[in-house]
Amino acid sequence: MNLPNRRGHGRRGGPRGRPRAWALGLLAAVAVAVPGTANAMSDTTRATTLGAQAAQSGRYFGTAVAAGKLGDATYSTILNREFNAVTPENEMKWDTIERSRGSFNFGPADQIVGQATSHGQRVRGHTLVWHSQLPSWVSSITDANTLRGVMNNHITTTVNHYKGKVFAWDVVNEAFADGGSGQHRPSVFQNVLGNGFIEEAFRTARAADQSAKLCYNDYNIENWSDAKTQGVYRMVRDFKTRGVPIDCVGFQAHFGTSGPPASFQTTLANFAALGVDVQITELDIAQAPTTAYANTVKACMNVSRCTGITVWGIRDSDSWRAGENPLLFDRGGNKKPAYQSVLTALAPSRTPRLVLP
Ligand code: 9MR
C-alpha cells in the first residue's frame, strides 16, 4: 500500500502488483462483511425516515395525532414525512364520538382518518371501551342490560363506521388495576357487567369487523414479573384457549428516564408466544435519552410478532407530558438525538455479504 515504494521497484511492481491489488480488493470485501465497519454502519441507516426504516422489516412507525394540529405546517410536514401510521390521540374516545346517547359525532376522527388515508398511513383505532374520557351518561348507568346494550351499540356503530379504514382497534383500554392485585380495576363496566365485559366487547367488535385486528391496550404491563402484566397475560391466554377473538396486545410504554424494564423483550416475546401480535402503542420517555429509546425499539425488533411502534405525539410541545420533553422532535420541530438512535435501531439486521473483487 506504499505507492512510492511500489513505483520505485520498477519492473518488479508488475507481477507483484497484481496480488497486491487482489489483496486490496479482499480488504474492501472484509470491510463490507464485518459489522461495525464504516460500510456496515452506513447500511444500517439507509432509510431516512422512521416510517420507511420500519417498513423495511414489515413494521410500521406511527404517532398520536390531534385533529386540531393538522393545520400547523411544521406539525403536518413532520407527520407526513416521518410516519406511516397514526392513532387519533383523543378523537375516537367515547366522550367525543358519543357525547350523548345515540348521537354519534365522527367529524374530528374522520378528519384524521381522511388525512392519513390520503398519505398512505394506516390508522389505529383508540379506543372503544375505557373507563376514562367516558361521558357521565354512561358512567351513571346501573342496569346491566342497559349498559350492555349501550356498550355494544357504541362498539358496533363505531367499528362499522371505520370498517376498512382502521387496521387495528384498541377494543378495551386500561382495564387492569395498578399494584399487586393482577385483577380488573373498578369501572362502570366492571362494576355493572362483571368480569365478562372485556370478552363481550371483543366478541361484539369481531361481529362488526372480521378483518380489523382487535387489541387489548394497557400501561405498566412492560415488566414481566409485575402482577398487572401477569393478570393481562392470564386473560390473553384464557381468551386464546377459549376462542375469544383477540389478535394483539398494545404496550403503551410511557417510560421514565431509565426507559424500558430489562425484561421488556421477554414480556413481548411471552405474549407473542400466546399467538397474538404485540405493538408499542404510546411510546414516550422522560427526557428522551438515546439509549432508552434505542433499547425500546430493539426489544420490538427482536420479536418477530412485534409489528409496530407508535410514539405518543410528534414534538415535545405536543406531548401530554410536555414538561418532561419525552418525544423525538423538539418544540421547533427539529430532530432530537433520540430520533437518530431510533432510526438506527429500526434498521433491519442484515446478513453480511462477501463482495469479491
Ligand atoms: O394524550 C392524551 C391527552 O391529550 C388526554 O388529555 C388524556 C386524557 O385522559 O389522554 C391522553 O392519552 C392517553 C391515552 O388515551 C391512553 N393512555 C394514556 C394516555 C396518556 O394519558
# chains A, B, ... in the order shown; residues from 1 in each chain; ligands from 1
>>> closest_atom_pairs(of="chain A", to="ligand 1", cutoff="10 Å", atoms="only C-alpha atoms and all ligand atoms", output="tab-separated table")
residue	atom	partner	partner_atom_place_in_ligand_line	distance
A:Ala64	CA	ligand 1	1 (O)	7.9
A:Val65	CA	ligand 1	1 (O)	9.3
A:Ala66	CA	ligand 1	4 (O)	8.3
A:Thr87	CA	ligand 1	15 (O)	9.6
A:Pro88	CA	ligand 1	15 (O)	8.8
A:Glu89	CA	ligand 1	1 (O)	5.6
A:Asn90	CA	ligand 1	2 (C)	6.1
A:Glu91	CA	ligand 1	15 (O)	9.6
A:Met92	CA	ligand 1	15 (O)	9.4
A:Lys93	CA	ligand 1	15 (O)	7.8
A:His126	CA	ligand 1	15 (O)	7.1
A:Thr127	CA	ligand 1	15 (O)	7.5
A:Trp130	CA	ligand 1	16 (C)	8.8
A:His131	CA	ligand 1	9 (O)	9.8
A:Ser132	CA	ligand 1	9 (O)	6.2
A:Gln133	CA	ligand 1	9 (O)	6.0
A:Leu134	CA	ligand 1	9 (O)	9.6
A:Asp170	CA	ligand 1	16 (C)	9.9
A:Asn173	CA	ligand 1	16 (C)	7.2
A:Glu174	CA	ligand 1	17 (N)	7.5
A:Asn217	CA	ligand 1	17 (N)	8.4
A:Asp218	CA	ligand 1	17 (N)	7.1
A:Tyr219	CA	ligand 1	17 (N)	6.9
A:Phe251	CA	ligand 1	17 (N)	9.8
A:Gln252	CA	ligand 1	17 (N)	6.7
A:Ala253	CA	ligand 1	17 (N)	9.4
A:His254	CA	ligand 1	18 (C)	7.9
A:Thr281	CA	ligand 1	17 (N)	8.9
A:Glu282	CA	ligand 1	17 (N)	7.0
A:Leu283	CA	ligand 1	19 (C)	9.7
A:Asp284	CA	ligand 1	20 (C)	9.8
A:Trp312	CA	ligand 1	1 (O)	6.9
A:Gly313	CA	ligand 1	1 (O)	7.9
A:Asp318	CA	ligand 1	4 (O)	8.7
A:Ser319	CA	ligand 1	1 (O)	6.8
A:Trp320	CA	ligand 1	1 (O)	4.8
A:Arg321	CA	ligand 1	20 (C)	8.1
>>> select_by_dssp(residues="region 167-338 of chain A", states="strand (DSSP E)", output="ChimeraX atom specification")
/A:167-173,213-218,248-251,254-255,277-285,306-311
>>> closest_residue(among="A:Ile280, A:Val171, A:Val166, A:Leu70", to="Phe264 (chain A)", atoms="only C-alpha atoms")
A:Ile280
>>> closest_residue(among="A:Ala273, A:Leu268, A:Val86, A:Val232", to="Ala109 (chain A)", atoms="only C-alpha atoms")
A:Val86
>>> select_by_dssp(residues="region 144-233 of chain A", states="alpha helix (DSSP H)", output="PyMOL selection string")
chain A and resi 144-161+188-193+197-208+227-233
>>> atom_distance(atom1="CA of Asn153 (chain A)", atom2="CA of Leu128 (chain A)")
10.7 Å
>>> atom_distance(atom1="CA of Cys248 (chain A)", atom2="CA of Asn152 (chain A)")
20.3 Å
>>> closest_residue(among="A:Ala52, A:Ala288, A:Val150, A:Leu343", to="Leu327 (chain A)", atoms="only C-alpha atoms")
A:Ala288
>>> atom_distance(atom1="CA of Ile285 (chain A)", atom2="CA of Lys298 (chain A)")
14.9 Å
>>> closest_residue(among="A:Arg237, A:Arg124, A:His184, A:Arg81", to="Phe197 (chain A)", atoms="only C-alpha atoms")
A:His184
>>> residues_around(residues="Thr229 (chain A)", least_positions_apart="3", cutoff="12 Å", atoms="only C-alpha atoms", output="PyMOL selection string")
chain A and resi 174-184+217-226+232-236+249-251+263-264+266-268+270-271
